[in-house]
Structures are given as structure tokens and as C-alpha cells.
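Peer 1: Coordinates in entry35.txt, compact mmCIF, C-alpha atoms, are listed below.
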```
# COMPACT_ATOMS: atom_id res chain seq x y z
CA MET K 50 -9.27 -47.88 33.14
CA SER K 51 -9.89 -48.04 29.39
CA LYS K 52 -10.13 -51.84 29.61
CA HIS K 53 -13.47 -51.33 31.35
CA PHE K 54 -14.72 -48.60 29.02
CA ASP K 55 -15.17 -50.06 25.56
CA VAL K 56 -14.14 -47.84 22.65
CA THR K 57 -15.87 -48.93 19.46
CA ALA K 58 -14.55 -46.24 17.07
CA VAL K 59 -12.47 -43.05 16.93
CA THR K 60 -12.94 -40.09 14.61
CA PHE K 61 -10.01 -37.77 13.98
CA TYR K 62 -10.75 -34.27 12.70
CA PHE K 63 -7.54 -32.91 11.23
CA ASP K 64 -5.83 -30.24 9.16
CA SER K 65 -2.80 -31.67 7.39
CA ALA K 66 -1.07 -28.27 7.42
CA CYS K 67 -0.66 -28.46 11.20
CA PRO K 68 2.58 -30.05 12.49
CA TRP K 69 1.09 -30.61 15.95
CA THR K 70 -1.79 -32.53 14.37
CA TRP K 71 0.71 -34.72 12.53
CA ARG K 72 2.39 -35.79 15.78
CA THR K 73 -0.98 -36.64 17.34
CA ALA K 74 -2.01 -38.59 14.25
CA ARG K 75 1.05 -40.84 14.46
CA TRP K 76 0.22 -41.69 18.06
CA LEU K 77 -3.47 -42.25 17.35
CA VAL K 78 -2.88 -44.50 14.34
CA ASP K 79 -0.65 -46.71 16.49
CA ALA K 80 -2.98 -46.65 19.50
CA THR K 81 -6.12 -47.57 17.57
CA GLY K 82 -4.33 -50.01 15.29
CA ARG K 83 -2.93 -52.09 18.15
CA ARG K 84 -6.37 -52.24 19.73
CA GLY K 85 -8.27 -53.01 16.54
CA ILE K 86 -10.39 -49.86 16.80
CA PRO K 87 -11.71 -48.34 13.55
CA LEU K 88 -10.27 -44.88 12.86
CA SER K 89 -12.13 -42.38 10.70
CA TYR K 90 -10.73 -39.16 9.27
CA ARG K 91 -12.73 -35.96 8.93
CA ALA K 92 -11.78 -32.46 7.83
CA PHE K 93 -10.93 -29.56 10.11
CA ASP K 94 -9.97 -26.59 7.93
CA LEU K 95 -7.92 -24.21 10.05
CA THR K 96 -8.43 -21.48 7.43
CA ASP K 97 -12.21 -21.86 7.81
CA GLY K 98 -12.62 -21.74 4.04
CA ALA K 99 -10.87 -18.40 3.54
CA PRO K 100 -9.81 -17.70 -0.06
CA LEU K 101 -6.17 -18.70 -0.44
CA ASP K 102 -5.19 -15.30 -1.81
CA GLU K 103 -6.47 -13.69 1.40
CA LEU K 104 -4.13 -15.74 3.58
CA PRO K 105 -0.61 -14.58 4.47
CA ALA K 106 1.72 -15.57 1.64
CA GLU K 107 3.74 -17.90 3.83
CA ARG K 108 0.61 -19.93 4.71
CA ARG K 109 -0.77 -20.38 1.21
CA PRO K 110 1.22 -23.45 0.04
CA ALA K 111 0.41 -25.46 3.16
CA ALA K 112 -3.24 -24.38 3.07
CA ALA K 113 -3.56 -25.26 -0.61
CA GLY K 114 -2.10 -28.71 -0.09
CA SER K 115 -4.18 -29.33 3.00
CA ARG K 116 -7.37 -28.27 1.28
CA CYS K 117 -6.82 -31.09 -1.22
CA LEU K 118 -6.47 -33.65 1.56
CA LEU K 119 -9.50 -32.32 3.41
CA ARG K 120 -11.66 -32.76 0.32
CA LEU K 121 -10.31 -36.28 0.00
CA ALA K 122 -11.10 -36.98 3.65
CA GLU K 123 -14.73 -36.04 3.22
CA ALA K 124 -15.19 -37.85 -0.08
CA ALA K 125 -13.46 -41.00 1.15
CA HIS K 126 -15.38 -40.94 4.44
CA ALA K 127 -18.66 -40.78 2.54
CA ASP K 128 -17.52 -43.86 0.58
CA GLY K 129 -16.42 -45.73 3.70
CA ARG K 130 -12.77 -45.48 2.67
CA ASP K 131 -11.18 -43.74 5.64
CA THR K 132 -8.15 -45.99 5.30
CA LEU K 133 -7.39 -44.28 1.99
CA THR K 134 -7.23 -40.92 3.72
CA GLY K 135 -5.01 -42.45 6.38
CA THR K 136 -2.62 -43.79 3.77
CA VAL K 137 -2.40 -40.55 1.82
CA TYR K 138 -2.10 -38.41 4.94
CA ALA K 139 0.65 -40.67 6.28
CA ALA K 140 2.67 -40.23 3.09
CA TYR K 141 2.00 -36.49 2.87
CA GLY K 142 2.80 -35.78 6.50
CA ALA K 143 5.96 -37.88 6.44
CA ALA K 144 7.17 -36.01 3.36
CA VAL K 145 6.43 -32.55 4.80
CA PHE K 146 7.08 -32.85 8.52
CA ASP K 147 9.69 -35.60 8.59
CA GLY K 148 11.26 -35.23 5.15
CA GLY K 149 11.30 -31.47 4.69
CA ALA K 150 9.25 -31.48 1.48
CA ASP K 151 7.32 -28.36 0.52
CA PRO K 152 3.56 -28.75 1.09
CA SER K 153 1.54 -28.34 -2.08
CA PRO K 154 -1.38 -29.69 -4.11
CA GLU K 155 1.18 -31.41 -6.34
CA LEU K 156 2.53 -33.34 -3.37
CA ALA K 157 -1.01 -34.34 -2.43
CA GLU K 158 -1.53 -35.59 -5.98
CA ARG K 159 1.65 -37.67 -5.85
CA CYS K 160 0.73 -39.20 -2.52
CA LEU K 161 -2.70 -40.13 -3.83
CA ALA K 162 -1.20 -41.68 -6.96
CA GLU K 163 1.22 -43.72 -4.84
CA ALA K 164 -1.79 -45.01 -2.89
CA GLY K 165 -3.19 -46.41 -6.13
CA ALA K 166 -6.42 -44.41 -5.96
CA ALA K 167 -6.50 -42.63 -9.30
CA THR K 168 -10.30 -42.58 -9.24
CA TYR K 169 -10.10 -39.95 -6.49
CA ALA K 170 -7.76 -37.63 -8.39
CA ASP K 171 -10.49 -35.15 -9.28
CA VAL K 172 -11.68 -35.02 -5.69
CA LEU K 173 -8.59 -33.10 -4.59
CA HIS K 174 -9.65 -30.07 -6.60
CA ASP K 175 -13.43 -30.41 -6.36
CA THR K 176 -14.53 -27.16 -4.73
CA ALA K 177 -18.07 -28.54 -4.40
CA LEU K 178 -16.73 -30.57 -1.49
CA ASP K 179 -15.75 -27.43 0.41
CA ARG K 180 -19.27 -27.21 1.81
CA GLN K 181 -18.88 -30.63 3.40
CA VAL K 182 -15.40 -29.68 4.64
CA ALA K 183 -16.94 -26.67 6.37
CA ARG K 184 -19.70 -28.82 7.85
CA ALA K 185 -17.14 -31.27 9.21
CA ARG K 186 -15.39 -28.44 11.04
CA GLU K 187 -18.72 -27.43 12.56
CA GLN K 188 -19.33 -31.00 13.70
CA ALA K 189 -15.90 -31.13 15.33
CA GLN K 190 -16.51 -27.87 17.15
CA GLU K 191 -19.71 -29.24 18.60
CA PHE K 192 -17.33 -31.30 20.74
CA SER K 193 -14.33 -28.98 21.10
CA GLY K 194 -15.93 -25.56 21.15
CA GLU K 195 -15.45 -22.81 18.60
CA ASP K 196 -12.20 -21.57 20.13
CA ALA K 197 -10.34 -24.84 19.51
CA GLY K 198 -8.40 -25.87 16.43
CA SER K 199 -6.97 -29.06 14.95
CA PRO K 200 -6.97 -31.86 15.91
CA VAL K 201 -10.25 -32.89 17.49
CA THR K 202 -10.53 -36.50 18.63
CA VAL K 203 -13.96 -38.07 19.10
CA ILE K 204 -14.26 -41.37 20.94
CA THR K 205 -17.33 -43.55 20.39
CA THR K 206 -18.44 -45.89 23.17
CA PRO K 207 -21.66 -47.72 23.99
CA ARG K 208 -22.56 -44.65 26.08
CA GLY K 209 -22.23 -42.26 23.14
CA GLU K 210 -19.62 -39.94 21.65
CA HIS K 211 -17.10 -37.94 23.67
CA GLY K 212 -14.82 -35.46 21.91
CA PHE K 213 -11.93 -33.18 22.82
CA PHE K 214 -9.47 -30.82 21.22
CA GLY K 215 -6.13 -32.62 21.02
CA PRO K 216 -4.36 -34.35 22.54
CA VAL K 217 -1.41 -32.13 21.63
CA VAL K 218 1.90 -33.99 21.77
CA ALA K 219 5.50 -33.42 20.75
CA PRO K 220 7.31 -35.58 19.99
CA THR K 221 4.93 -38.47 19.37
CA PRO K 222 4.83 -40.68 22.48
CA THR K 223 5.66 -44.35 22.08
CA GLY K 224 5.66 -47.50 24.17
CA VAL K 225 4.43 -47.25 27.74
CA GLU K 226 3.94 -43.49 27.48
CA ALA K 227 1.72 -43.92 24.41
CA ASP K 228 -0.43 -46.41 26.30
CA ARG K 229 -0.69 -44.13 29.32
CA LEU K 230 -1.88 -41.29 27.11
CA TRP K 231 -4.52 -43.53 25.55
CA ASP K 232 -5.76 -44.64 28.95
CA ALA K 233 -5.86 -41.02 30.11
CA LEU K 234 -7.86 -39.88 27.09
CA VAL K 235 -10.34 -42.72 27.30
CA GLY K 236 -10.56 -42.26 31.04
CA ALA K 237 -11.37 -38.58 30.62
CA ALA K 238 -14.04 -39.48 28.08
CA SER K 239 -15.67 -41.72 30.68
CA VAL K 240 -16.27 -38.76 33.01
CA PRO K 241 -19.20 -36.67 31.70
CA GLN K 242 -18.28 -33.77 33.98
CA PHE K 243 -14.80 -33.38 32.43
CA PHE K 244 -14.29 -30.65 29.83
CA GLU K 245 -10.76 -29.32 29.54
CA LEU K 246 -7.16 -29.67 30.70
CA ARG K 247 -4.30 -27.61 29.25
CA ALA K 248 -0.60 -27.05 29.76
CA ARG K 249 1.93 -24.61 28.33
CA ARG K 250 3.72 -26.09 25.31
CA THR K 251 7.42 -26.51 26.03
CA ALA K 252 8.36 -28.48 22.88
CA LYS K 253 8.23 -27.85 19.16
CA PRO K 254 6.18 -30.11 16.87
```
Any chance you could put this one into C-alpha cells?

Peer 2:
Amino acid sequence: MSKHFDVTAVTFYFDSACPWTWRTARWLVDATGRRGIPLSYRAFDLTDGAPLDELPAERRPAAAGSRCLLRLAEAAHADGRDTLTGTVYAAYGAAVFDGGADPSPELAERCLAEAGAATYADVLHDTALDRQVARAREQAQEFSGEDAGSPVTVITTPRGEHGFFGPVVAPTPTGVEADRLWDALVGAASVPQFFELRARRTAKP
């Protein structure tokens, strides 16, 4: 079906603290990459900008590290450098969710340095970008609704933009299953009357 419904770009609204989002991101990077479709990264702050010291103690390290990446996502997107966000997020997510590293701003800094983008070092801690991070969440929720979280995937076609919460996957699908999921998502986006489809989660991220 998707062969007859041209996708010209995909925007991925994400919170790097979310393990479910990480699994979706791995699938989406592969799916868009094999099809030559540009992938943009935008922020979706699951804390909705809450002060870190007001969050439960166990959530603070992940939220602090994610906030750094969300600022990077917005700054890099404004500069047309979404691939930088993709590179840093890939390293950060692999370290945390696949390697067992503790999430933190320091880890975000190391991942950025390894990407060779020292000019963006100050961005990670630039609180002035938090306004744009908040705006990006609002833009995502214009597609997903206010009751949805991360991730939100927006597909751009000649007919316009079509966005959904998710897809939520675990583990990351590969091969034929990955292609079927892509076709299903793009197919759903081609039906203007379609809004939502959910299932109980029976796997861990």
C-alpha cells in the first residue's frame, strides 16, 4: 500500500528517557533509511517542563539527561542538522537501554563530544531553549492529542501531514515484520477517517 502513497519526510517527536521510544526509534531509523526518507527529530518532554527537583527522585537522572538531548534536538533542527540529533540519540540510547549505563547530562555531553559537535556543547544546558522544547510538545500533541506521550510520529505526504502516537513496539521489529509495520503505519496515514488503534502491552521495552 505504501508504494502508492508517497512519504516525503517523517518527523519523530521523542523523549530520550523513555525506553519504549528507544525501541520505536531503532525501527524508524531503519525504515526511513532504507527508503531514503528524511527523518527529523523534535522534542517531546514527558515531564512537561516540570522543575527537576519536583520530580520523583528516581526519575530525575533520566529527566535531566533527556532534557539535554531535547534542547539539542530543537537547536539542531533549527539549523537543519537533524542527523546530529540522530547520531547523539543513537549513542545515548544504546548506552542506557542496551548497555545499562546510567542516564545523565554527563552521558549526553560524552555522546555529543563523540559525535564531533563541540560547537553544540552549550546547547545542552541552555535553558532558553526550553520554551522551544515546550512548543515542540504542543505541536506533537496537535496530532496525537493531549493524553498521548512519547513518541509521536508525523508522516509528510503530498496530501499533507498525518501524525500518531507511537507506534509502540518491543522488541524492535526487523526484517519482514519491520516492513509490515511501516506499510501499516503509512496505510493508516492514508485514511483520513482513522484516529486510533491500541492493544494491551504484553512485553517490556

Peer 1: Give me, as a PDB file with C-alpha atoms, in the coordinates of the input, all polymer residues having an atom no more than 9 Å from Leu118 in chain K, counting only C-alpha atoms and skipping those fewer than 5 positions away in the same chain.

Peer 2:
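See result_12.pdb below for the written result:
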```
ATOM      1  CA  ASP K  64      -5.830 -30.240   9.160  1.00  0.00           C
ATOM      2  CA  SER K  65      -2.800 -31.670   7.390  1.00  0.00           C
ATOM      3  CA  ALA K  92     -11.780 -32.460   7.830  1.00  0.00           C
ATOM      4  CA  GLU K 123     -14.730 -36.040   3.220  1.00  0.00           C
ATOM      5  CA  THR K 134      -7.230 -40.920   3.720  1.00  0.00           C
ATOM      6  CA  VAL K 137      -2.400 -40.550   1.820  1.00  0.00           C
ATOM      7  CA  TYR K 138      -2.100 -38.410   4.940  1.00  0.00           C
ATOM      8  CA  PRO K 154      -1.380 -29.690  -4.110  1.00  0.00           C
ATOM      9  CA  ALA K 157      -1.010 -34.340  -2.430  1.00  0.00           C
ATOM     10  CA  LEU K 173      -8.590 -33.100  -4.590  1.00  0.00           C
TER      11      LEU K 173
END
```

Peer 1: CA of Glu245 in chain K and CA of Gly82 in chain K are how many Å apart?

Peer 2: 25.9 Å

Peer 1: Go through K:Ala150, K:Ala170, K:Cys67, K:Ala183 and flag the residue nearest Gly98 in chain K, using all atoms listed in the file for the distances.

Peer 2: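 Once distances to Gly98 in chain K are computed over all atoms listed in the file, the minimum belongs to K:Ala183.
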
Peer 1: Tell me which protein, DNA and RNA residues are within 12 Å of range 225-228 of chain K, counting all atoms listed in the file, leaving out same-chain ones fewer than 2 positions away, and put them as a list in words.

Peer 2: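 Surrounding residues, per the criterion: Met50, Ser51, Lys52, Arg72, Thr73, Arg75, Trp76, Leu77, Val78, Asp79, Ala80, Thr81, Arg83, Arg84, Pro216, Val218, Ala219, Pro220, Thr221, Pro222, Thr223, Leu230, Trp231, Asp232, Ala233, Leu234, Val235 and Gly236 of chain K.
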
Peer 1: Give, as AutoDock Vina command-line options, the centre coordinates and the x, y and z edge lengths in Å to one decimal for an axis-aligned box around all listed atoms of range 54-67 of chain K, padded by 3 Å on each side.

Peer 2:
```
--center_x -8.3 --center_y -39.2 --center_z 18.2 --size_x 21.2 --size_y 27.8 --size_z 27.6
```

Peer 1: Pick the closest to Thr57 in chain K from K:Ser239, K:Thr132, K:Thr206, K:Thr70: which is it, counting only C-alpha atoms?

Peer 2: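 For Thr57 in chain K, the nearest of the candidates is K:Thr206.
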
Peer 1: For Arg116 in chain K, which residue among K:Ala99, K:Val203, K:Ala139, K:Val145 is the nearest when counting all atoms listed in the file?

Peer 2: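 When distances to Arg116 in chain K are compared using all atoms listed in the file, the smallest one comes from K:Ala99.
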
Peer 1: Leaving out Phe244 in chain K and any residue of its chain fewer than 3 positions from it, which residues lie within 10 Å of it when counting all atoms listed in the file, given as a list in words?

Peer 2: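 That gives Phe192, Ser193, His211, Gly212, Phe213, Phe214, Ala237, Ala238, Val240 and Pro241 of chain K.
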
Peer 1: Which value, in Å to one decimal, gives the distance between CA of Arg186 in chain K and CA of Leu104 in chain K?

Peer 2: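 Result for CA of Arg186 in chain K versus CA of Leu104 in chain K: 18.5 Å, one decimal.
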
Peer 1: Can you measure CA of Asp94 in chain K to CA of Val182 in chain K for me? One decimal in Å is fine.

Peer 2: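 Between CA of Asp94 in chain K and CA of Val182 in chain K the gap is 7.1 Å.
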
Peer 1: Choose the residue, out of K:Trp71, K:Tyr169, K:Tyr62, K:Tyr90, that has the smallest atom-to-atom separation from Pro254 in chain K; count all atoms listed in the file.

Peer 2: K:Trp71

Peer 1: Using only C-alpha atoms, find the one residue out of K:Ala66, K:Ala143, K:Val59, K:Ala164 that sits nearest to Glu107 in chain K.

Peer 2: K:Ala66

Peer 1: May I have the residues within 6 Å of Ala58 in chain K as a ChimeraX atom specification, using all atoms listed in the file and disregarding those fewer than 5 positions away in the same chain?

Peer 2: /K:86-87,205

Peer 1: Under the rule that all atoms listed in the file are counted, which of K:Ser115, K:Thr96, K:Ser89, K:Gln190 is the nearest residue to Gly129 in chain K?

Peer 2: K:Ser89

Peer 1: Output as a PDB file, in the coordinates of the input: range 185-199 of chain K, completed with N, CA and C atoms.

Peer 2:
```pdb
ATOM      1  N   ALA K 185     -17.923 -30.400   8.334  1.00  0.00           N
ATOM      2  CA  ALA K 185     -17.140 -31.270   9.210  1.00  0.00           C
ATOM      3  C   ALA K 185     -16.482 -30.476  10.326  1.00  0.00           C
ATOM      4  N   ARG K 186     -15.982 -29.298  10.003  1.00  0.00           N
ATOM      5  CA  ARG K 186     -15.390 -28.440  11.040  1.00  0.00           C
ATOM      6  C   ARG K 186     -16.441 -28.074  12.083  1.00  0.00           C
ATOM      7  N   GLU K 187     -17.645 -27.763  11.637  1.00  0.00           N
ATOM      8  CA  GLU K 187     -18.720 -27.430  12.560  1.00  0.00           C
ATOM      9  C   GLU K 187     -19.047 -28.615  13.469  1.00  0.00           C
ATOM     10  N   GLN K 188     -19.051 -29.809  12.902  1.00  0.00           N
ATOM     11  CA  GLN K 188     -19.330 -31.000  13.700  1.00  0.00           C
ATOM     12  C   GLN K 188     -18.255 -31.215  14.753  1.00  0.00           C
ATOM     13  N   ALA K 189     -16.995 -30.982  14.376  1.00  0.00           N
ATOM     14  CA  ALA K 189     -15.900 -31.130  15.330  1.00  0.00           C
ATOM     15  C   ALA K 189     -16.042 -30.139  16.472  1.00  0.00           C
ATOM     16  N   GLN K 190     -16.415 -28.912  16.135  1.00  0.00           N
ATOM     17  CA  GLN K 190     -16.510 -27.870  17.150  1.00  0.00           C
ATOM     18  C   GLN K 190     -17.712 -28.053  18.065  1.00  0.00           C
ATOM     19  N   GLU K 191     -18.639 -28.898  17.682  1.00  0.00           N
ATOM     20  CA  GLU K 191     -19.710 -29.240  18.600  1.00  0.00           C
ATOM     21  C   GLU K 191     -19.157 -29.990  19.818  1.00  0.00           C
ATOM     22  N   PHE K 192     -17.996 -30.624  19.637  1.00  0.00           N
ATOM     23  CA  PHE K 192     -17.330 -31.300  20.740  1.00  0.00           C
ATOM     24  C   PHE K 192     -16.279 -30.408  21.402  1.00  0.00           C
ATOM     25  N   SER K 193     -15.497 -29.701  20.582  1.00  0.00           N
ATOM     26  CA  SER K 193     -14.330 -28.980  21.100  1.00  0.00           C
ATOM     27  C   SER K 193     -14.605 -27.545  21.492  1.00  0.00           C
ATOM     28  N   GLY K 194     -15.700 -26.976  20.978  1.00  0.00           N
ATOM     29  CA  GLY K 194     -15.930 -25.560  21.150  1.00  0.00           C
ATOM     30  C   GLY K 194     -15.349 -24.780  19.979  1.00  0.00           C
ATOM     31  N   GLU K 195     -15.847 -23.583  19.772  1.00  0.00           N
ATOM     32  CA  GLU K 195     -15.450 -22.810  18.600  1.00  0.00           C
ATOM     33  C   GLU K 195     -14.070 -22.179  18.738  1.00  0.00           C
ATOM     34  N   ASP K 196     -13.508 -22.188  19.935  1.00  0.00           N
ATOM     35  CA  ASP K 196     -12.200 -21.570  20.130  1.00  0.00           C
ATOM     36  C   ASP K 196     -11.060 -22.570  20.001  1.00  0.00           C
ATOM     37  N   ALA K 197     -11.366 -23.805  19.641  1.00  0.00           N
ATOM     38  CA  ALA K 197     -10.340 -24.840  19.510  1.00  0.00           C
ATOM     39  C   ALA K 197     -10.022 -25.079  18.039  1.00  0.00           C
ATOM     40  N   GLY K 198      -8.830 -25.594  17.800  1.00  0.00           N
ATOM     41  CA  GLY K 198      -8.400 -25.870  16.430  1.00  0.00           C
ATOM     42  C   GLY K 198      -8.220 -27.350  16.184  1.00  0.00           C
ATOM     43  N   SER K 199      -7.273 -27.682  15.325  1.00  0.00           N
ATOM     44  CA  SER K 199      -6.970 -29.060  14.950  1.00  0.00           C
ATOM     45  C   SER K 199      -5.840 -29.591  15.822  1.00  0.00           C
TER      46      SER K 199
END
```
